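One file, upload13.cif, is given below (mmCIF, C-alpha atoms and all ligand atoms).
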```
data_final
loop_
_atom_site.label_atom_id
_atom_site.label_comp_id
_atom_site.auth_asym_id
_atom_site.auth_seq_id
_atom_site.Cartn_x
_atom_site.Cartn_y
_atom_site.Cartn_z
CA MET A 253 0.00 0.00 0.00
CA ASP A 254 1.42 3.34 -1.06
CA GLN A 255 1.53 5.72 1.92
CA ASN A 256 0.87 8.69 -0.34
CA THR A 257 -2.26 7.31 -1.97
CA PRO A 258 -4.11 5.13 0.53
CA LEU A 259 -7.42 5.92 -1.23
CA LYS A 260 -8.37 4.76 -4.71
CA SER A 261 -9.98 8.12 -5.28
CA LEU A 262 -10.28 11.33 -3.26
CA ASP A 263 -14.01 10.79 -3.43
CA ASP A 264 -13.64 7.73 -1.22
CA TRP A 265 -13.21 10.12 1.68
CA GLU A 266 -16.24 12.24 0.75
CA GLU A 267 -18.43 9.15 0.31
CA ASP A 268 -17.33 7.95 3.70
CA VAL A 269 -18.28 11.26 5.31
CA VAL A 270 -21.79 10.92 3.86
CA LYS A 271 -21.94 7.44 5.36
CA ARG A 272 -20.97 8.86 8.78
CA TYR A 273 -23.40 11.75 8.49
CA PRO A 274 -26.26 10.52 6.31
CA GLU A 275 -28.83 12.98 5.09
CA PRO A 276 -31.53 13.36 7.76
CA ASN A 277 -34.65 11.33 6.94
CA GLN A 278 -32.79 9.42 4.25
CA LYS A 279 -31.11 6.51 5.95
CA GLN A 280 -30.90 5.41 9.51
CA LYS A 281 -27.62 6.48 11.05
CA GLU A 282 -25.73 3.32 11.79
CA ASP A 283 -22.79 2.87 14.08
CA TYR A 284 -19.78 4.10 12.18
CA ARG A 285 -17.43 1.88 14.14
CA ASN A 286 -19.03 -1.15 12.61
CA TYR A 287 -18.25 0.05 9.14
CA THR A 288 -15.54 -2.21 7.99
CA ASP A 289 -17.74 -4.05 5.58
CA SER A 290 -16.60 -2.83 2.17
CA PRO A 291 -13.21 -2.56 0.51
CA ARG A 292 -13.57 1.21 0.60
CA ASP A 293 -14.05 1.19 4.37
CA ALA A 294 -10.70 -0.54 4.78
CA LEU A 295 -9.02 2.03 2.53
CA VAL A 296 -10.58 4.92 4.41
CA ARG A 297 -9.57 3.43 7.74
CA ASN A 298 -5.99 3.11 6.54
CA PHE A 299 -6.15 6.64 5.17
CA TYR A 300 -7.03 7.99 8.62
CA LYS A 301 -4.39 5.84 10.24
CA ILE A 302 -1.71 7.57 8.16
CA ASN A 303 -3.33 11.00 8.44
CA HIS A 304 -3.55 10.83 12.23
CA GLN A 305 0.01 9.61 12.56
CA TYR A 306 1.67 12.28 10.42
CA GLN A 307 -0.35 15.47 10.97
CA THR A 308 1.79 16.95 13.73
CA TYR A 309 2.29 20.55 14.78
CA ASP A 310 5.69 20.57 13.06
CA PHE A 311 4.32 18.99 9.88
CA VAL A 312 1.64 21.68 9.59
CA THR A 313 4.19 24.43 10.22
CA ALA A 314 6.39 23.04 7.44
CA LYS A 315 3.46 22.81 5.00
CA GLN A 316 2.41 26.37 5.79
CA GLU A 317 5.93 27.54 4.98
CA GLU A 318 5.96 25.52 1.79
CA PHE A 319 2.60 26.63 0.42
CA LEU A 320 1.35 29.83 1.99
CA GLY A 321 3.78 31.98 0.04
CA LEU A 322 1.32 31.24 -2.81
CA ASN A 323 4.05 31.04 -5.41
CA LYS A 324 3.18 27.74 -7.08
CA ARG A 325 0.96 28.86 -9.95
CA LYS A 326 -1.03 31.81 -11.19
CA MET A 327 -4.44 30.73 -12.47
CA SER A 328 -7.89 32.07 -13.21
CA VAL A 329 -10.67 30.29 -11.33
CA TRP A 330 -11.71 28.51 -14.51
CA ASP A 331 -8.13 27.39 -15.19
CA ALA A 332 -7.99 26.06 -11.64
CA LEU A 333 -11.28 24.21 -12.15
CA ASP A 334 -9.96 22.66 -15.37
CA TYR A 335 -6.68 21.81 -13.70
CA LEU A 336 -8.45 20.22 -10.75
CA ASN A 337 -10.55 18.22 -13.14
CA THR A 338 -7.46 16.42 -14.40
CA LEU A 339 -7.69 14.49 -11.13
CA VAL A 340 -9.16 11.50 -12.88
CA ASP A 341 -9.33 8.11 -11.29
CA ASP A 342 -9.07 4.90 -13.22
CA SER A 343 -11.13 3.01 -10.67
CA ASP A 344 -14.81 2.79 -9.87
CA PRO A 345 -16.31 4.23 -13.05
CA ASP A 346 -19.85 4.12 -11.68
CA ILE A 347 -19.26 6.33 -8.65
CA GLU A 348 -17.15 8.62 -10.74
CA LEU A 349 -18.17 12.22 -10.42
CA ASP A 350 -15.63 14.65 -11.64
CA GLN A 351 -14.50 17.42 -9.33
CA LEU A 352 -16.07 20.17 -11.42
CA GLN A 353 -19.43 18.46 -11.21
CA HIS A 354 -19.25 18.19 -7.44
CA LEU A 355 -18.51 21.92 -7.26
CA LEU A 356 -21.30 22.84 -9.70
CA GLN A 357 -23.82 20.61 -7.97
CA THR A 358 -22.96 22.23 -4.67
CA SER A 359 -23.20 25.78 -6.02
CA GLU A 360 -26.36 25.11 -8.02
CA ALA A 361 -28.11 23.65 -4.96
CA ILE A 362 -27.16 26.78 -2.99
CA ARG A 363 -28.40 29.00 -5.84
CA LYS A 364 -31.70 27.11 -6.04
CA ASP A 365 -32.35 27.86 -2.38
CA GLY A 366 -32.04 31.59 -3.03
CA HIS A 367 -28.90 32.28 -0.99
CA PRO A 368 -26.66 35.34 -1.55
CA ASP A 369 -24.40 35.22 -4.58
CA TRP A 370 -21.18 35.00 -2.55
CA PHE A 371 -22.59 31.83 -0.93
CA VAL A 372 -23.22 30.37 -4.41
CA LEU A 373 -19.67 31.31 -5.42
CA THR A 374 -18.30 29.63 -2.29
CA GLY A 375 -20.04 26.42 -3.36
CA LEU A 376 -18.19 26.56 -6.67
CA LEU A 377 -14.82 27.32 -5.09
CA HIS A 378 -14.76 25.35 -1.86
CA ASP A 379 -12.68 22.36 -3.02
CA LEU A 380 -10.25 24.13 -5.34
CA GLY A 381 -7.56 23.63 -2.71
CA LYS A 382 -7.46 20.00 -3.84
CA VAL A 383 -5.07 21.15 -6.55
CA LEU A 384 -2.53 20.31 -3.82
CA CYS A 385 -2.83 16.74 -5.09
CA LEU A 386 -1.60 17.83 -8.49
CA TYR A 387 1.54 19.20 -6.87
CA GLY A 388 2.23 15.65 -5.72
CA GLU A 389 1.05 16.04 -2.13
CA PRO A 390 -0.08 12.85 -0.38
CA GLN A 391 -3.85 12.34 -0.14
CA TRP A 392 -3.80 12.43 3.67
CA ALA A 393 -2.41 16.00 3.49
CA VAL A 394 -5.09 17.18 1.04
CA VAL A 395 -8.41 15.66 2.11
CA GLY A 396 -9.86 14.11 5.25
CA ASP A 397 -11.42 15.61 8.36
CA THR A 398 -9.39 18.51 9.75
CA TYR A 399 -8.76 19.20 13.44
CA PRO A 400 -6.53 21.41 15.59
CA VAL A 401 -2.90 20.44 16.13
CA GLY A 402 -0.91 21.77 19.08
CA CYS A 403 -3.43 20.65 21.68
CA GLN A 404 -5.16 17.44 22.74
CA PHE A 405 -6.82 15.46 19.94
CA SER A 406 -10.52 15.08 20.69
CA ASP A 407 -12.03 11.62 20.84
CA LYS A 408 -14.84 13.05 18.70
CA ILE A 409 -12.49 13.04 15.70
CA VAL A 410 -13.04 10.04 13.45
CA TYR A 411 -10.81 7.06 14.43
CA PRO A 412 -9.32 8.81 17.48
CA GLU A 413 -7.37 5.69 18.46
CA PHE A 414 -4.94 6.29 15.61
CA PHE A 415 -3.60 9.43 17.26
CA ALA A 416 -1.61 7.25 19.65
CA ALA A 417 0.97 6.92 16.86
CA ASN A 418 1.27 10.70 16.43
CA PRO A 419 4.40 12.06 18.18
CA ASP A 420 2.39 15.06 19.50
CA PHE A 421 0.15 12.64 21.39
CA SER A 422 2.93 12.03 23.91
CA ASP A 423 4.55 15.48 23.70
CA GLU A 424 3.59 17.48 26.78
CA ARG A 425 3.78 20.78 24.88
CA TYR A 426 0.92 19.63 22.71
CA ASN A 427 -1.15 17.03 24.54
CA SER A 428 -2.97 19.02 27.21
CA LYS A 429 -6.50 20.31 26.68
CA PHE A 430 -5.28 23.77 25.59
CA GLY A 431 -1.75 22.86 24.50
CA VAL A 432 -0.10 25.94 22.96
CA TYR A 433 -3.45 27.81 23.00
CA TYR A 434 -5.67 29.24 25.72
CA GLU A 435 -9.37 29.18 26.47
CA ASN A 436 -11.50 30.86 23.77
CA CYS A 437 -8.37 32.20 22.04
CA GLY A 438 -10.20 32.11 18.69
CA LEU A 439 -9.56 29.78 15.76
CA GLU A 440 -7.41 32.39 14.02
CA GLN A 441 -4.74 31.44 16.59
CA VAL A 442 -5.21 27.71 16.06
CA LYS A 443 -3.25 25.64 13.56
CA MET A 444 -5.47 23.14 11.81
CA SER A 445 -4.27 19.85 10.31
CA TRP A 446 -3.03 20.62 6.82
CA GLY A 447 -5.26 20.15 3.78
CA HIS A 448 -7.27 21.73 0.98
CA ASP A 449 -9.39 23.87 3.32
CA GLU A 450 -6.59 25.92 4.90
CA TYR A 451 -4.73 26.28 1.62
CA LEU A 452 -7.72 27.65 -0.30
CA TYR A 453 -8.59 30.00 2.55
CA HIS A 454 -5.24 31.72 2.05
CA VAL A 455 -5.77 31.93 -1.72
CA MET A 456 -9.17 33.60 -1.22
CA LYS A 457 -8.76 35.55 2.00
CA ASP A 458 -8.59 39.04 0.50
CA TYR A 459 -11.62 38.67 -1.72
CA LEU A 460 -14.61 37.03 -0.08
CA PRO A 461 -16.93 38.00 2.80
CA LYS A 462 -16.04 36.54 6.18
CA PRO A 463 -18.75 33.85 6.32
CA ALA A 464 -17.55 32.56 2.93
CA LEU A 465 -13.99 32.37 4.23
CA TYR A 466 -15.13 30.42 7.28
CA MET A 467 -17.00 27.95 5.06
CA ILE A 468 -13.89 27.40 2.96
CA ARG A 469 -11.49 27.19 5.88
CA TYR A 470 -13.49 24.91 8.18
CA HIS A 471 -15.73 22.82 5.92
CA SER A 472 -13.87 19.59 6.82
CA PHE A 473 -13.71 20.39 10.55
CA TYR A 474 -16.42 17.85 11.38
CA ALA A 475 -15.24 17.51 14.98
CA GLN A 476 -16.50 21.06 15.50
CA HIS A 477 -19.30 21.78 13.04
CA ARG A 478 -20.95 18.39 13.66
CA GLU A 479 -19.61 17.38 17.08
CA GLU A 480 -18.81 20.69 18.84
CA ALA A 481 -15.66 19.18 20.30
CA TYR A 482 -13.52 22.33 20.29
CA SER A 483 -15.93 25.08 21.35
CA TYR A 484 -13.50 25.96 24.14
CA LEU A 485 -11.00 27.29 21.59
CA MET A 486 -13.58 29.44 19.78
CA ASN A 487 -14.38 33.11 20.33
CA ALA A 488 -17.62 34.99 19.63
CA GLU A 489 -16.71 35.68 16.01
CA ASP A 490 -16.02 31.98 15.40
CA ARG A 491 -19.33 30.99 16.96
CA GLU A 492 -21.23 33.44 14.81
CA ASN A 493 -19.53 32.33 11.60
CA PHE A 494 -19.84 28.62 12.32
CA GLU A 495 -23.56 29.04 11.75
CA TRP A 496 -22.59 29.57 8.10
CA VAL A 497 -20.22 26.61 8.11
CA LYS A 498 -23.14 24.48 9.32
CA LYS A 499 -25.43 25.93 6.69
CA PHE A 500 -22.91 25.08 4.00
CA ASN A 501 -22.21 21.48 4.99
CA PRO A 502 -25.44 19.83 3.71
CA TYR A 503 -24.88 21.35 0.27
CA ASP A 504 -21.40 19.82 0.21
CA LEU A 505 -22.60 16.39 1.33
CA TYR A 506 -26.06 15.96 -0.12
CA SER A 507 -26.25 17.89 -3.39
CA LYS A 508 -25.61 14.99 -5.73
CA VAL A 509 -28.28 14.92 -8.41
CA PRO A 510 -28.94 12.23 -11.02
CA VAL A 511 -28.57 14.58 -13.96
CA PRO A 512 -25.20 16.30 -13.85
CA PRO A 513 -25.22 20.08 -14.32
CA ASP A 514 -24.41 21.39 -17.78
CA ALA A 515 -21.05 23.04 -17.18
CA LYS A 516 -20.98 24.70 -20.58
CA ALA A 517 -24.40 26.29 -20.22
CA LEU A 518 -23.66 27.48 -16.69
CA ARG A 519 -20.28 28.93 -17.48
CA PRO A 520 -21.39 32.49 -18.44
CA TYR A 521 -23.32 32.89 -15.18
CA TYR A 522 -20.32 31.75 -13.16
CA GLU A 523 -17.84 33.82 -15.15
CA ASP A 524 -19.84 36.92 -14.17
CA LEU A 525 -20.07 35.84 -10.56
CA ILE A 526 -16.34 35.13 -10.37
CA ALA A 527 -15.55 38.53 -11.94
CA LYS A 528 -17.73 40.28 -9.35
CA TYR A 529 -15.60 39.06 -6.45
CA LEU A 530 -12.25 37.83 -7.70
CA PRO A 531 -9.38 39.14 -9.82
CA ALA A 532 -8.85 37.65 -13.30
CA GLU A 533 -5.98 35.55 -11.94
CA LEU A 534 -5.22 34.28 -8.47
CA GLN A 535 -1.97 33.25 -6.84
CA PHE A 536 -1.99 29.61 -5.82
FE FE B 601 -13.73 19.77 0.66
FE FE B 602 -16.77 19.35 -1.31
#
```
I'd like the structure from this file rewritten - as structure tokens, please.
Ligand code: FE
Ligand code: FE
Amino acid sequence: MDQNTPLKSLDDWEEDVVKRYPEPNQKQKEDYRNYTDSPRDALVRNFYKINHQYQTYDFVTAKQEEFLGLNKRKMSVWDALDYLNTLVDDSDPDIELDQLQHLLQTSEAIRKDGHPDWFVLTGLLHDLGKVLCLYGEPQWAVVGDTYPVGCQFSDKIVYPEFFAANPDFSDERYNSKFGVYYENCGLEQVKMSWGHDEYLYHVMKDYLPKPALYMIRYHSFYAQHREEAYSYLMNAEDRENFEWVKKFNPYDLYSKVPVPPDAKALRPYYEDLIAKYLPAELQF
């Protein structure tokens, strides 16, 4: 098993999240811990094992230094969408949904519900940080649930037992309840495990309204937006904006529709929307 690509497809992780948090009134929520019944479950389990072992405070610091200078590529949003869409998997043709279609389905579902245009735009953009994969980054440092590093790992994070192999777990600087932080210090002070959320936040941070930036930055932080495990690190601004993160999450998880959106027909609408908020090219 290649440590860099424990999943067959990045979508394996997303599908697994939907299994953990099924759409209300759709399926009965079953006990996630019993989910070891399909080949994908074993891959996802192994994915988290590696993720939880290697996402340390020092690892995140190194990745921030490597990527947050935003000097990898200069791309328009549409170039980035096309680039992201080259993430094609050779496996599982029937569950195949290309990345652009996931983004369009998310944004179109938000638009249909009459939300503000920046919310619709956020739906289109929210996973663009996955271009990290195209720079050769390992899957476990691109996707997966995110969580704070530098303080105790919550047992509300998926597969918490795997944190025992993380060096920070037995490092007294990092393994107390507050670790390097303090009560209600605010998430701005908190380093999150490294992945597509944090990266895209930095690409977009000068251009979008605050709630949109929270949705981008914390959309994979299930331990908080679903489990409320880290409220003690949050300040009033975080609490207010997490209402938006929660509002966003169902569109991310449950917007799959049988007929895929027509990307070509929708493009003019989105080109206008992109131009309203973002420069012609962005630094990635
Ligand atoms: Fe995502
Ligand atoms: Fe998504």
Extract, using all atoms listed in the file, all DNA, RNA and protein residues at most 8 Å from segment 331-337 of chain A, discarding same-chain residues fewer than 4 positions from it, and format them as a list of chain:residue names.
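Answer for this query is A:Met327, A:Asp350, A:Gln351, A:Leu352, A:Leu380, A:Lys382, A:Val383, A:Leu386.
Of the residues listed (A:Trp392, A:Tyr411, A:Tyr521, A:Tyr482), A:Tyr482 shows the shortest atom-to-atom separation from Val442 of chain A; distances use all atoms listed in the file.
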Ligand FE 601 (chain B): which residues are within 7 Å, counting only C-alpha atoms and all ligand atoms, as a list in words?
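For ligand FE 601 (chain B), the residues inside 7 Å are His378, Asp379, Val395, His448, Asp449, His471 and Ser472 of chain A.
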May I ask which of the residues A:Leu460, A:Asn487, A:Glu479, A:Phe371 is the closest one to Asp407 of chain A, counting all atoms listed in the file?
A:Glu479
Identify, on the basis of all atoms listed in the file, every residue whose closest approach to Leu485 of chain A does not exceed 6 Å; exclude the query and any residue fewer than 6 positions from it along the same chain; express the result as an MDAnalysis selection string.
chainID A and resid 435:438
Nearby polymer residues, ligand FE 602 (chain B), at most 8 Å, all atoms listed in the file, as a ChimeraX atom specification
/A:266,354-355,358,378-379,504-505
Using only C-alpha atoms, which protein or nucleic acid residues come within 8 Å of Val394 of chain A? Drop anything in the same chain fewer than 2 positions from it, and give the result as a list in words.
Gly381, Lys382, Leu384, Cys385, Glu389, Pro390, Gln391, Trp392, Gly396, Trp446, Gly447 and His448 of chain A
Selected residue, from A:Lys528, A:Arg363, A:Arg491, A:Lys498, that lies nearest to Arg478 of chain A when counting all atoms listed in the file
A:Lys498
Interatomic distance (Å, one decimal) between atom CA of Lys508 of chain A and atom CA of Met444 of chain A
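Separating atom CA of Lys508 of chain A from atom CA of Met444 of chain A is a distance of 27.9 Å.
Here atom CA of Ser507 of chain A is placed at a distance of 28.0 Å from atom CA of Glu489 of chain A.
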Name the closest residue to Tyr399 of chain A among the candidates A:Thr374, A:Gln535, A:Gln307, A:Asn493; distances are taken between atoms, counting all atoms listed in the file.
A:Gln307
Among listed residues A:Ile362, A:Tyr459, A:Gln305, A:Phe500, nearest Ser422 of chain A (using all atoms listed in the file)
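Of A:Ile362, A:Tyr459, A:Gln305, A:Phe500, the one nearest Ser422 of chain A, counting all atoms listed in the file, is A:Gln305.
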Work out how far apart atom CA of His477 of chain A and atom CA of Phe494 of chain A are and give it in Å to one decimal.
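Distance between the two atoms: 6.9 Å.
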Using all atoms listed in the file, which residues sit within 10 Å of Asn418 of chain A once same-chain residues fewer than 3 positions away are excluded, as a ChimeraX atom specification?
/A:301-308,414-415,421-423
As lines of an AutoDock Vina configuration file, please report the centre and edge lengths, rounded to one decimal in Å, of the axis-aligned box that holds all listed atoms of segment 358-370 of chain A with 3 Å of padding on each of the six sides.
```
center_x = -26.8
center_y = 28.8
center_z = -4.5
size_x = 17.2
size_y = 19.1
size_z = 13.0
```
Min atom-atom distance to Trp370 of chain A from the set A:Ile526, A:Ala517, A:Leu452, A:Val509, counting only C-alpha atoms, belongs to A:Ile526
What lies within 9 Å of segment 317-320 of chain A using all atoms listed in the file, ignoring chain neighbours under 4 positions off, as a compact mmCIF listing (two decimals) with C-alpha atoms, keeping the file's coordinate frame?
```txt
# COMPACT_ATOMS: atom_id res chain seq x y z
CA VAL A 312 1.64 21.68 9.59
CA THR A 313 4.19 24.43 10.22
CA LYS A 324 3.18 27.74 -7.08
CA TYR A 451 -4.73 26.28 1.62
CA HIS A 454 -5.24 31.72 2.05
CA VAL A 455 -5.77 31.93 -1.72
CA PHE A 536 -1.99 29.61 -5.82
```
Generate N, CA and C atoms for segment 513-531 of chain A and emit them as a PDB file, in the frame of the given file.
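Final file, result37.pdb:
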```pdb
ATOM      1  N   PRO A 513     -25.021  18.739 -13.768  1.00  0.00           N
ATOM      2  CA  PRO A 513     -25.220  20.080 -14.320  1.00  0.00           C
ATOM      3  C   PRO A 513     -24.453  20.272 -15.623  1.00  0.00           C
ATOM      4  N   ASP A 514     -24.998  21.124 -16.466  1.00  0.00           N
ATOM      5  CA  ASP A 514     -24.410  21.390 -17.780  1.00  0.00           C
ATOM      6  C   ASP A 514     -23.359  22.500 -17.630  1.00  0.00           C
ATOM      7  N   ALA A 515     -22.123  22.090 -17.487  1.00  0.00           N
ATOM      8  CA  ALA A 515     -21.050  23.040 -17.180  1.00  0.00           C
ATOM      9  C   ALA A 515     -20.935  24.132 -18.250  1.00  0.00           C
ATOM     10  N   LYS A 516     -21.133  23.738 -19.478  1.00  0.00           N
ATOM     11  CA  LYS A 516     -20.980  24.700 -20.580  1.00  0.00           C
ATOM     12  C   LYS A 516     -22.059  25.776 -20.528  1.00  0.00           C
ATOM     13  N   ALA A 517     -23.288  25.337 -20.282  1.00  0.00           N
ATOM     14  CA  ALA A 517     -24.400  26.290 -20.220  1.00  0.00           C
ATOM     15  C   ALA A 517     -24.287  27.213 -19.012  1.00  0.00           C
ATOM     16  N   LEU A 518     -23.735  26.690 -17.933  1.00  0.00           N
ATOM     17  CA  LEU A 518     -23.660  27.480 -16.690  1.00  0.00           C
ATOM     18  C   LEU A 518     -22.468  28.428 -16.672  1.00  0.00           C
ATOM     19  N   ARG A 519     -21.525  28.185 -17.547  1.00  0.00           N
ATOM     20  CA  ARG A 519     -20.280  28.930 -17.480  1.00  0.00           C
ATOM     21  C   ARG A 519     -20.443  30.460 -17.524  1.00  0.00           C
ATOM     22  N   PRO A 520     -21.258  31.027 -18.421  1.00  0.00           N
ATOM     23  CA  PRO A 520     -21.390  32.490 -18.440  1.00  0.00           C
ATOM     24  C   PRO A 520     -21.866  33.069 -17.098  1.00  0.00           C
ATOM     25  N   TYR A 521     -22.849  32.428 -16.486  1.00  0.00           N
ATOM     26  CA  TYR A 521     -23.320  32.890 -15.180  1.00  0.00           C
ATOM     27  C   TYR A 521     -22.172  32.908 -14.168  1.00  0.00           C
ATOM     28  N   TYR A 522     -21.410  31.825 -14.143  1.00  0.00           N
ATOM     29  CA  TYR A 522     -20.320  31.750 -13.160  1.00  0.00           C
ATOM     30  C   TYR A 522     -19.153  32.662 -13.496  1.00  0.00           C
ATOM     31  N   GLU A 523     -18.908  32.872 -14.778  1.00  0.00           N
ATOM     32  CA  GLU A 523     -17.840  33.820 -15.150  1.00  0.00           C
ATOM     33  C   GLU A 523     -18.169  35.209 -14.587  1.00  0.00           C
ATOM     34  N   ASP A 524     -19.421  35.617 -14.707  1.00  0.00           N
ATOM     35  CA  ASP A 524     -19.840  36.920 -14.170  1.00  0.00           C
ATOM     36  C   ASP A 524     -19.692  36.975 -12.654  1.00  0.00           C
ATOM     37  N   LEU A 525     -20.122  35.887 -12.022  1.00  0.00           N
ATOM     38  CA  LEU A 525     -20.070  35.840 -10.560  1.00  0.00           C
ATOM     39  C   LEU A 525     -18.614  35.874 -10.070  1.00  0.00           C
ATOM     40  N   ILE A 526     -17.761  35.135 -10.730  1.00  0.00           N
ATOM     41  CA  ILE A 526     -16.340  35.130 -10.370  1.00  0.00           C
ATOM     42  C   ILE A 526     -15.763  36.539 -10.533  1.00  0.00           C
ATOM     43  N   ALA A 527     -16.104  37.199 -11.662  1.00  0.00           N
ATOM     44  CA  ALA A 527     -15.550  38.530 -11.940  1.00  0.00           C
ATOM     45  C   ALA A 527     -16.027  39.563 -10.920  1.00  0.00           C
ATOM     46  N   LYS A 528     -17.216  39.327 -10.341  1.00  0.00           N
ATOM     47  CA  LYS A 528     -17.730  40.280  -9.350  1.00  0.00           C
ATOM     48  C   LYS A 528     -16.870  40.295  -8.086  1.00  0.00           C
ATOM     49  N   TYR A 529     -16.321  39.154  -7.722  1.00  0.00           N
ATOM     50  CA  TYR A 529     -15.600  39.060  -6.450  1.00  0.00           C
ATOM     51  C   TYR A 529     -14.079  38.876  -6.569  1.00  0.00           C
ATOM     52  N   LEU A 530     -13.645  38.263  -7.654  1.00  0.00           N
ATOM     53  CA  LEU A 530     -12.250  37.830  -7.700  1.00  0.00           C
ATOM     54  C   LEU A 530     -11.485  38.478  -8.856  1.00  0.00           C
ATOM     55  N   PRO A 531     -10.173  38.636  -8.699  1.00  0.00           N
ATOM     56  CA  PRO A 531      -9.380  39.140  -9.820  1.00  0.00           C
ATOM     57  C   PRO A 531      -9.309  38.097 -10.946  1.00  0.00           C
TER      58      PRO A 531
END
```
